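The data block below is start-v8.tsv; it holds TSV, C-alpha atoms.
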```tsv
chain	number	residue	atom	x	y	z
A	1	MET	CA	-23.86	18.31	39.09
A	2	THR	CA	-23.83	21.63	37.26
A	3	GLY	CA	-20.60	22.95	35.85
A	4	SER	CA	-18.53	19.88	36.51
A	5	ILE	CA	-16.77	17.29	34.38
A	6	GLY	CA	-16.59	13.54	34.78
A	7	MET	CA	-14.94	10.61	33.06
A	8	LEU	CA	-16.33	7.14	32.40
A	9	TYR	CA	-13.90	4.30	31.90
A	10	ASP	CA	-13.57	0.55	32.03
A	11	GLN	CA	-9.79	0.46	32.30
A	12	LEU	CA	-7.63	3.32	33.48
A	13	ARG	CA	-5.02	3.36	30.74
A	14	PRO	CA	-2.16	5.85	30.40
A	15	GLU	CA	-4.62	8.06	28.42
A	16	GLU	CA	-6.99	8.32	31.39
A	17	ARG	CA	-4.04	8.95	33.73
A	18	LEU	CA	-2.94	11.81	31.41
A	19	LEU	CA	-6.48	13.23	31.60
A	20	ILE	CA	-6.41	13.00	35.43
A	21	GLU	CA	-3.03	14.80	35.51
A	22	ALA	CA	-4.23	17.46	33.03
A	23	ALA	CA	-7.29	18.10	35.23
A	24	LYS	CA	-4.99	18.52	38.26
A	25	ARG	CA	-2.89	21.08	36.34
A	26	LYS	CA	-6.07	23.01	35.55
A	27	SER	CA	-7.33	22.73	39.16
A	28	LEU	CA	-10.37	21.01	37.72
A	29	LYS	CA	-12.24	18.37	39.69
A	30	LEU	CA	-12.65	15.37	37.42
A	31	GLY	CA	-15.25	12.85	38.62
A	32	LEU	CA	-14.19	9.25	37.93
A	33	HIS	CA	-16.75	6.56	37.11
A	34	ASP	CA	-15.79	2.92	36.70
A	35	SER	CA	-18.38	1.54	34.27
A	36	GLU	CA	-18.06	-1.92	35.81
A	37	LYS	CA	-19.15	-0.63	39.22
A	38	LEU	CA	-22.33	1.20	38.28
A	39	TYR	CA	-25.85	0.39	37.20
A	40	LEU	CA	-28.47	2.76	35.89
A	41	ASN	CA	-32.22	2.73	36.25
A	42	ILE	CA	-34.01	3.36	32.97
A	43	ASN	CA	-37.25	4.33	34.73
A	44	LYS	CA	-35.71	6.87	37.05
A	45	MET	CA	-34.68	10.23	35.68
A	46	ASP	CA	-33.22	11.54	38.93
A	47	GLN	CA	-29.88	9.76	38.63
A	48	GLU	CA	-28.23	12.71	36.89
A	49	GLU	CA	-26.90	13.74	40.30
A	50	LEU	CA	-24.60	10.70	40.16
A	51	PHE	CA	-22.77	12.32	37.25
A	52	GLU	CA	-21.35	15.62	36.23
A	53	GLU	CA	-22.87	17.95	33.65
A	54	ILE	CA	-20.37	16.86	31.01
A	55	VAL	CA	-18.88	13.36	30.93
A	56	LEU	CA	-15.92	12.17	28.86
A	57	GLN	CA	-16.65	8.67	27.58
A	58	ARG	CA	-13.40	6.68	27.73
A	59	CYS	CA	-14.69	3.09	27.79
A	60	LEU	CA	-12.67	0.73	25.61
A	61	SER	CA	-15.64	-1.40	24.70
A	62	TYR	CA	-17.66	-0.19	21.71
A	63	PHE	CA	-20.89	-1.83	22.82
A	64	ARG	CA	-20.55	-0.63	26.39
A	65	SER	CA	-19.67	2.87	25.25
A	66	VAL	CA	-22.68	3.28	22.95
A	67	HIS	CA	-25.20	1.86	25.42
A	68	LEU	CA	-23.88	3.56	28.52
A	69	THR	CA	-23.68	6.90	26.73
A	70	SER	CA	-27.31	6.50	25.60
A	71	LEU	CA	-28.39	5.95	29.20
A	72	LEU	CA	-26.56	9.07	30.36
A	73	GLU	CA	-27.92	11.19	27.52
A	74	ASN	CA	-31.41	10.03	28.45
A	75	LYS	CA	-30.81	11.62	31.86
A	76	GLY	CA	-29.82	14.94	30.28
A	77	ILE	CA	-26.07	14.54	30.59
A	78	THR	CA	-23.83	15.67	27.73
A	79	VAL	CA	-21.32	12.98	26.80
A	80	ILE	CA	-18.18	13.50	24.70
A	81	ASN	CA	-18.47	11.85	22.24
A	82	SER	CA	-22.23	11.40	21.91
A	83	SER	CA	-23.88	7.99	21.42
A	84	LYS	CA	-24.79	9.04	17.86
A	85	ILE	CA	-21.14	9.73	17.04
A	86	ALA	CA	-19.92	6.53	18.72
A	87	SER	CA	-22.50	4.25	17.12
A	88	VAL	CA	-21.71	5.46	13.60
A	89	CYS	CA	-17.94	5.98	13.91
A	90	GLY	CA	-17.50	2.67	15.72
A	91	ASN	CA	-19.06	0.80	12.81
A	92	LYS	CA	-16.83	0.91	9.74
A	93	LEU	CA	-19.71	0.22	7.37
A	94	LEU	CA	-21.97	2.98	8.71
A	95	ALA	CA	-19.00	5.37	8.84
A	96	SER	CA	-18.06	4.59	5.22
A	97	ILE	CA	-21.61	5.38	4.09
A	98	LYS	CA	-21.47	8.79	5.81
A	99	LEU	CA	-18.01	9.62	4.45
A	100	GLU	CA	-19.00	8.64	0.93
A	101	GLU	CA	-22.16	10.76	1.15
A	102	ALA	CA	-19.95	13.74	1.96
A	103	ASN	CA	-17.64	13.03	-1.01
A	104	ILE	CA	-14.66	12.40	1.23
A	105	PRO	CA	-11.99	10.25	-0.44
A	106	THR	CA	-12.07	6.73	1.03
A	107	PRO	CA	-10.74	3.39	-0.27
A	108	HIS	CA	-12.95	1.51	-2.74
A	109	THR	CA	-15.15	-0.59	-0.44
A	110	VAL	CA	-17.57	-3.42	-1.12
A	111	VAL	CA	-19.74	-5.31	1.34
A	112	ALA	CA	-21.05	-8.85	0.94
A	113	PHE	CA	-23.04	-11.19	3.15
A	114	SER	CA	-21.94	-14.62	1.93
A	115	ILE	CA	-18.65	-16.21	0.87
A	116	GLU	CA	-19.90	-16.60	-2.69
A	117	ALA	CA	-20.84	-12.92	-2.99
A	118	ALA	CA	-17.60	-11.86	-1.26
A	119	LEU	CA	-15.56	-13.77	-3.85
A	120	LYS	CA	-17.51	-12.08	-6.66
A	121	ALA	CA	-16.88	-8.72	-5.00
A	122	LEU	CA	-13.17	-9.55	-4.86
A	123	ASP	CA	-13.19	-10.15	-8.61
A	124	GLU	CA	-14.41	-6.57	-8.97
A	125	ILE	CA	-12.06	-4.99	-6.44
A	126	GLY	CA	-9.02	-7.11	-7.39
A	127	TYR	CA	-6.27	-8.68	-5.29
A	128	PRO	CA	-4.66	-7.87	-2.91
A	129	ALA	CA	-7.59	-6.56	-0.87
A	130	VAL	CA	-8.28	-6.12	2.83
A	131	LEU	CA	-11.04	-7.75	4.89
A	132	LYS	CA	-12.06	-5.82	8.00
A	133	PRO	CA	-14.56	-6.58	10.77
A	134	ILE	CA	-17.10	-3.71	10.78
A	135	ILE	CA	-16.70	-3.42	14.57
A	136	GLY	CA	-13.39	-3.95	16.28
A	137	SER	CA	-10.16	-2.18	16.76
A	138	TRP	CA	-6.43	-2.19	17.27
A	139	GLY	CA	-6.23	-3.88	13.86
A	140	ARG	CA	-7.62	-7.15	15.22
A	141	LEU	CA	-8.81	-9.62	12.58
A	142	ILE	CA	-7.99	-7.26	9.74
A	143	ALA	CA	-6.73	-9.65	7.07
A	144	PRO	CA	-4.93	-9.13	3.79
A	145	LEU	CA	-6.58	-11.14	1.00
A	146	ARG	CA	-3.64	-11.71	-1.34
A	147	ASP	CA	-5.26	-14.18	-3.76
A	148	ILE	CA	-8.39	-16.28	-4.16
A	149	GLU	CA	-7.00	-19.21	-2.14
A	150	SER	CA	-6.17	-17.10	0.92
A	151	ALA	CA	-9.50	-15.25	0.54
A	152	LYS	CA	-11.45	-18.51	0.59
A	153	ALA	CA	-9.56	-19.78	3.65
A	154	ILE	CA	-10.04	-16.56	5.61
A	155	LEU	CA	-13.71	-16.20	4.67
A	156	GLU	CA	-14.39	-19.83	5.65
A	157	ASP	CA	-12.83	-19.11	9.03
A	158	ARG	CA	-15.18	-16.16	9.51
A	159	GLU	CA	-18.21	-18.38	8.82
A	160	ASN	CA	-17.57	-20.04	12.19
A	161	MET	CA	-17.43	-16.81	14.13
A	162	PHE	CA	-19.99	-14.44	15.66
A	163	PRO	CA	-22.49	-13.21	12.96
A	164	ILE	CA	-21.03	-9.71	12.83
A	165	TYR	CA	-17.87	-11.23	11.27
A	166	GLN	CA	-19.97	-12.55	8.38
A	167	ILE	CA	-20.61	-9.03	7.16
A	168	TYR	CA	-17.73	-9.00	4.70
A	169	TYR	CA	-16.43	-5.43	4.48
A	170	ILE	CA	-13.72	-5.54	1.84
A	171	GLN	CA	-11.47	-2.71	0.71
A	172	GLU	CA	-8.92	-2.25	-2.02
A	173	MET	CA	-5.40	-2.39	-0.58
A	174	ILE	CA	-4.07	1.13	-0.96
A	175	GLN	CA	-0.47	1.41	-2.17
A	176	ARG	CA	1.07	3.60	0.51
A	177	PRO	CA	4.33	4.10	2.39
A	178	SER	CA	4.68	1.85	5.47
A	179	ARG	CA	2.89	4.45	7.53
A	180	ASP	CA	-0.39	6.28	7.85
A	181	ILE	CA	-1.38	9.58	9.44
A	182	ARG	CA	-3.57	10.22	12.43
A	183	CYS	CA	-4.94	13.75	12.86
A	184	PHE	CA	-6.35	14.69	16.25
A	185	VAL	CA	-9.45	16.83	15.86
A	186	ILE	CA	-10.89	18.59	18.89
A	187	GLY	CA	-13.97	20.71	18.16
A	188	ASN	CA	-13.17	22.73	15.06
A	189	SER	CA	-9.38	22.35	15.13
A	190	VAL	CA	-6.74	19.84	14.12
A	191	VAL	CA	-4.52	20.07	17.21
A	192	ALA	CA	-1.81	17.55	16.26
A	193	ALA	CA	-0.92	14.80	13.83
A	194	ILE	CA	1.35	11.78	13.91
A	195	TYR	CA	2.77	9.34	11.41
A	196	ARG	CA	2.09	5.75	12.54
A	197	TYR	CA	4.70	3.33	11.21
A	198	ALA	CA	3.96	-0.38	10.88
A	199	PRO	CA	6.10	-2.56	13.15
A	200	LYS	CA	8.55	-5.07	11.70
A	201	ASP	CA	6.77	-8.15	10.32
A	202	ASP	CA	3.36	-6.48	10.22
A	203	TRP	CA	1.62	-4.32	7.62
A	204	ARG	CA	-0.84	-2.73	10.04
A	205	THR	CA	0.12	0.62	11.54
A	206	ASN	CA	-1.87	0.45	14.79
A	207	THR	CA	0.34	1.52	17.69
A	208	ALA	CA	-1.36	-1.18	19.78
A	209	ARG	CA	0.38	-3.67	17.43
A	210	GLY	CA	3.77	-2.22	18.33
A	211	GLY	CA	4.12	0.37	15.57
A	212	HIS	CA	6.00	3.56	16.36
A	213	VAL	CA	4.92	7.15	15.95
A	214	GLU	CA	6.55	10.35	14.79
A	215	SER	CA	5.24	13.87	14.80
A	216	CYS	CA	3.67	14.93	11.50
A	217	LYS	CA	3.40	18.52	10.30
A	218	VAL	CA	-0.26	19.25	9.59
A	219	THR	CA	-0.52	20.40	5.97
A	220	SER	CA	-3.46	22.46	4.75
A	221	ASN	CA	-4.68	19.39	2.80
A	222	MET	CA	-4.62	17.20	5.91
A	223	GLU	CA	-6.32	19.85	7.99
A	224	GLU	CA	-9.08	20.44	5.47
A	225	LEU	CA	-9.75	16.73	4.99
A	226	ALA	CA	-9.66	15.86	8.73
A	227	LEU	CA	-12.07	18.69	9.57
A	228	ARG	CA	-14.43	17.71	6.76
A	229	ALA	CA	-14.40	14.08	7.98
A	230	ALA	CA	-15.07	15.10	11.59
A	231	GLU	CA	-17.86	17.42	10.49
A	232	VAL	CA	-19.66	14.47	8.90
A	233	PHE	CA	-20.22	12.98	12.36
A	234	GLY	CA	-20.69	16.18	14.37
A	235	GLU	CA	-18.62	18.31	16.75
A	236	GLY	CA	-16.49	16.15	19.00
A	237	VAL	CA	-13.07	14.64	19.66
A	238	TYR	CA	-11.66	12.42	16.93
A	239	GLY	CA	-8.63	10.59	15.65
A	240	VAL	CA	-8.93	10.82	11.87
A	241	ASP	CA	-6.79	8.23	10.09
A	242	MET	CA	-5.64	8.83	6.53
A	243	MET	CA	-3.27	7.21	4.05
A	244	GLU	CA	-0.98	8.79	1.49
A	245	SER	CA	-2.20	7.05	-1.67
A	246	GLU	CA	-0.98	7.59	-5.23
A	247	ASN	CA	-4.08	9.74	-5.76
A	248	GLY	CA	-3.63	11.86	-2.65
A	249	LEU	CA	-4.89	11.54	0.89
A	250	THR	CA	-7.63	9.01	1.56
A	251	ILE	CA	-9.47	8.47	4.85
A	252	HIS	CA	-9.80	4.95	6.18
A	253	GLU	CA	-11.10	5.48	9.71
A	254	VAL	CA	-12.50	8.09	12.06
A	255	ASN	CA	-11.98	7.08	15.70
A	256	TYR	CA	-14.43	8.34	18.30
A	257	ALA	CA	-12.44	7.45	21.47
A	258	THR	CA	-8.91	8.11	20.41
A	259	GLU	CA	-5.81	6.97	22.26
A	260	PHE	CA	-2.93	9.39	22.59
A	261	ARG	CA	-0.32	8.01	25.01
A	262	ASN	CA	2.35	7.89	22.29
A	263	SER	CA	1.21	11.03	20.48
A	264	VAL	CA	1.62	13.44	23.40
A	265	PRO	CA	5.40	12.86	23.78
A	266	ALA	CA	5.89	12.67	19.99
A	267	THR	CA	4.13	15.95	19.22
A	268	GLY	CA	4.56	17.86	22.48
A	269	VAL	CA	0.86	18.80	22.23
A	270	ASP	CA	-1.18	18.60	25.42
A	271	ILE	CA	-4.01	16.57	23.82
A	272	PRO	CA	-5.67	15.64	27.17
A	273	GLY	CA	-5.53	19.29	28.32
A	274	LEU	CA	-7.17	20.40	25.06
A	275	MET	CA	-9.85	17.72	25.46
A	276	LEU	CA	-10.66	19.09	28.92
A	277	ASP	CA	-10.73	22.67	27.53
A	278	PHE	CA	-13.25	21.47	24.95
A	279	ALA	CA	-15.38	19.93	27.72
A	280	ILE	CA	-15.12	23.13	29.83
A	281	GLN	CA	-16.37	25.17	26.84
A	282	LYS	CA	-19.38	22.86	26.61
A	283	VAL	CA	-20.13	23.42	30.33
A	284	ARG	CA	-20.08	27.17	29.81
A	285	LYS	CA	-22.37	27.11	26.76
B	1	MET	CA	6.08	8.12	42.34
B	2	PRO	CA	7.31	4.83	43.83
B	3	ASP	CA	9.17	2.40	41.56
B	4	TYR	CA	8.13	-1.18	40.93
B	5	GLU	CA	9.81	-3.91	38.93
B	6	CYS	CA	8.52	-5.11	35.57
B	7	GLN	CA	7.76	-8.84	35.78
B	8	ASP	CA	9.06	-9.40	32.29
B	9	CYS	CA	12.26	-7.37	31.94
B	10	SER	CA	12.92	-6.20	35.53
B	11	ALA	CA	13.01	-2.54	34.48
B	12	ASP	CA	11.79	0.11	36.91
B	13	VAL	CA	8.10	0.90	36.42
B	14	GLN	CA	6.80	4.09	37.98
B	15	VAL	CA	3.39	3.98	39.61
B	16	PRO	CA	1.64	7.25	40.52
B	17	SER	CA	1.17	7.46	44.31
B	18	ASP	CA	-2.57	8.05	43.76
B	19	ALA	CA	-2.89	5.15	41.29
B	20	LEU	CA	-6.35	3.62	41.40
B	21	ASP	CA	-7.17	-0.05	41.72
B	22	GLY	CA	-7.24	-1.51	38.22
B	23	GLU	CA	-5.16	1.27	36.65
B	24	ILE	CA	-2.87	0.25	33.79
B	25	VAL	CA	0.79	1.27	33.82
B	26	VAL	CA	3.21	0.55	31.00
B	27	CYS	CA	6.79	-0.67	31.38
B	28	PRO	CA	8.97	2.04	29.79
B	29	ASP	CA	11.50	-0.54	28.54
B	30	CYS	CA	9.51	-3.47	27.13
B	31	GLY	CA	6.03	-1.95	26.82
B	32	LEU	CA	4.36	-4.66	28.92
B	33	GLU	CA	1.03	-3.46	30.33
B	34	LEU	CA	0.68	-4.02	34.06
B	35	GLN	CA	-2.40	-3.59	36.19
B	36	VAL	CA	-2.32	-2.00	39.62
B	37	LYS	CA	-3.91	-4.07	42.36
B	38	ARG	CA	-4.40	-2.27	45.65
B	39	LYS	CA	-4.44	-4.59	48.63
B	40	SER	CA	-6.61	-3.82	51.66
B	41	THR	CA	-3.45	-2.75	53.44
B	42	GLY	CA	-2.93	-0.06	50.75
B	43	GLU	CA	0.08	-1.88	49.32
B	44	ILE	CA	0.37	-2.04	45.56
B	45	GLU	CA	0.93	-5.17	43.51
B	46	LEU	CA	1.42	-5.23	39.73
B	47	THR	CA	-0.04	-8.01	37.61
B	48	GLU	CA	0.25	-8.56	33.88
B	49	VAL	CA	-2.76	-7.52	31.80
B	50	THR	CA	-3.88	-10.44	29.69
B	51	LYS	CA	-7.54	-9.65	29.12
B	52	GLU	CA	-8.44	-8.11	25.76
B	53	LYS	CA	-12.04	-8.08	24.68
B	54	GLU	CA	-13.22	-8.27	21.10
B	55	ASP	CA	-14.70	-4.81	20.83
B	56	TRP	CA	-11.94	-2.97	22.69
B	57	GLY	CA	-9.73	-0.22	21.42
B	58	GLU	CA	-9.69	1.83	18.26
```
Take the structure in this file and express it as structure tokens.
Amino acid sequence: MTGSIGMLYDQLRPEERLLIEAAKRKSLKLGLHDSEKLYLNINKMDQEELFEEIVLQRCLSYFRSVHLTSLLENKGITVINSSKIASVCGNKLLASIKLEEANIPTPHTVVAFSIEAALKALDEIGYPAVLKPIIGSWGRLIAPLRDIESAKAILEDRENMFPIYQIYYIQEMIQRPSRDIRCFVIGNSVVAAIYRYAPKDDWRTNTARGGHVESCKVTSNMEELALRAAEVFGEGVYGVDMMESENGLTIHEVNYATEFRNSVPATGVDIPGLMLDFAIQKVRK
Amino acid sequence: MPDYECQDCSADVQVPSDALDGEIVVCPDCGLELQVKRKSTGEIELTEVTKEKEDWGE
């Protein structure tokens, strides 16, 4: 459907509700597509009529998002964010490679493929360190490795899990305040930023873990760094996460399907409205 | 926006009148996530969200 905008989802969270309400305010018809209720035919190209010209990809699942977006793109539909963006950003290892290539400050990161090699890598990086699954979110299974004993125990646990958890992506633990910063990038602009504070009894700052947020004034440093990080992956909608380290700002994640339910009230910025404006611009191009 | 009761803390939870089947609403007091179930009669029931898949979120 030419000139129209749709939204793919697998759960309608408060973020998707905010997008629906923003579309109503703009008198924009937003087509809704439940990913669990559709199937697509790879051999037929004429299914583009099922979708709008531009589709916002809001699926929670990384694997579903990448594969469903690829199918839509194959039918000529523009998806925000693209499958290329999602596949790289959603994989911490691939994202780290791209950020490093662009000389963007990131934590010292090593990757190993066996417990033995991971322990050697930890000797290099030093304790405490952080073990992260290369795919996965909301801070799940991110583990602090405080000493060799805890490292061995945690790595042994991972040996019994799905193979992707045996790619040992290990980072130095950055000394930082008990918060990090998320910058919302839409197209070529940083539209808002929040501080994410770790909840009591946790060191992770993910709001899904119960952390709280406060509005953060976007400094020129933050803006420059967030835009450079987003540019690495291509024009889109991002949540760029950075930490205030002793050596300045360092980027630890670039999110390709950012949540914003807590950020809208904290910052007063209409993030869903700006996302729709970005999509409308794409329709008009 | 009709009000419903949170199963956990009994606070009022607002559900948009056009809420879709499966939509998630959040209790403003305790933060519990509740899923909207629309019965065939059009009535709304809220159930606790317990499902979280490995590759979900950000």
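Closest approach to Ser17 of chain B among A:Pro265, A:Asp123, A:Asp201, A:Arg17: A:Arg17, based on all atoms listed in the file.
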Inset, instruction - Kindly give the distance, in Å, that separates atom CA of Lys217 of chain A and atom CA of Thr267 of chain A, rounded to a single decimal. - result: 9.3 Å
Inset, instruction - Starting from the point (-9.7, 11.9, 4.5), work out which residues of protein, DNA or RNA have an atom no more than 6 Å away when counting all atoms listed in the file; state them as a PyMOL selection string. - result: chain A and resi 104-105+225-226+242+250-251
Inset, instruction - Please identify all polymer residues within 10 Å of segment 21-27 of chain B, counting all atoms listed in the file, omitting same-chain residues fewer than 2 positions from it, and present them as a PyMOL selection string. - result: (chain A and resi 10-17+34) or (chain B and resi 4-16+18-19+29-39+42+44-49)
Inset, instruction - Tell me, in Å to one decimal, how far atom CA of Gly239 of chain A is from atom CA of Leu93 of chain A. - result: 17.3 Å
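Using only C-alpha atoms, the nearest neighbour of Leu20 of chain B within the list A:Ile20, A:Asn91, A:Gly6, A:Val283 is A:Ile20.
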Inset, instruction - Work out how far atom CA of Ser245 of chain A is from atom CA of Gln171 of chain A, in Å to one decimal. - result: 13.7 Å
Sorted by chain and rising residue number, list the residues of chain A at most 6 Å from chain B (counting only C-alpha atoms), each with its closest atom pair and distance in Å to one decimal, as a Markdown table.
```
| residue | atom | partner | partner_atom | distance |
| --- | --- | --- | --- | --- |
| A:Leu12 | CA | B:Glu23 | CA | 4.5 |
| A:Arg13 | CA | B:Ile24 | CA | 4.9 |
| A:Leu60 | CA | B:Trp56 | CA | 4.8 |
| A:Ser61 | CA | B:Trp56 | CA | 4.5 |
| A:Tyr62 | CA | B:Asp55 | CA | 5.6 |
| A:Gly136 | CA | B:Asp55 | CA | 4.8 |
| A:Ser137 | CA | B:Glu58 | CA | 4.3 |
| A:Trp138 | CA | B:Glu58 | CA | 5.3 |
```
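The list of residues with at least one atom within 8 Å of Ala95 of chain A, based on all atoms listed in the file and without residues fewer than 5 positions apart in the same chain, reads Val88, Cys89, Gly90, Glu253 and Val254 of chain A.
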Selection export as a PDB file, in the frame of the given file, atoms kept: C-alpha atoms:
```pdb
ATOM      1  CA  VAL A  88     -21.710   5.460  13.600  1.00  0.00           C
ATOM      2  CA  CYS A  89     -17.940   5.980  13.910  1.00  0.00           C
ATOM      3  CA  GLY A  90     -17.500   2.670  15.720  1.00  0.00           C
ATOM      4  CA  GLU A 253     -11.100   5.480   9.710  1.00  0.00           C
ATOM      5  CA  VAL A 254     -12.500   8.090  12.060  1.00  0.00           C
TER       6      VAL A 254
END
```
Legend entry - Who sits within 12 Å of Leu274 of chain A, all atoms listed in the file, same chain under 4 positions skipped, as a list in words: Leu18, Leu19, Ala22, Ala23, Lys26, Phe184, Val185, Ile186, Gly187, Asn188, Ser189, Val190, Val191, Ala192, Gly236, Val237, Val264, Val269, Asp270, Phe278, Ala279, Ile280 and Gln281 of chain A
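Distances from A:Leu276, A:Ile164, A:Leu50, A:Ala257 to Ser83 of chain A were compared using all atoms listed in the file, and the smallest one belongs to A:Ala257.
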Inset, instruction - Kindly extract all protein, DNA and RNA residues lying within 8 Å of the coordinates (-12.8, 1.5, 0.2) given in the file, considering all atoms listed in the file, and supply them as a PyMOL selection string. - result: chain A and resi 96+106-110+170-172+252
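With all atoms listed in the file taken into account, the protein and nucleic acid residues at most 12 Å from Glu246 of chain A (excluding it and anything under 3 positions from it in its own chain) are Pro107, Met173, Ile174, Gln175, Arg176, Pro177, Met243, Leu249 and Thr250 of chain A.
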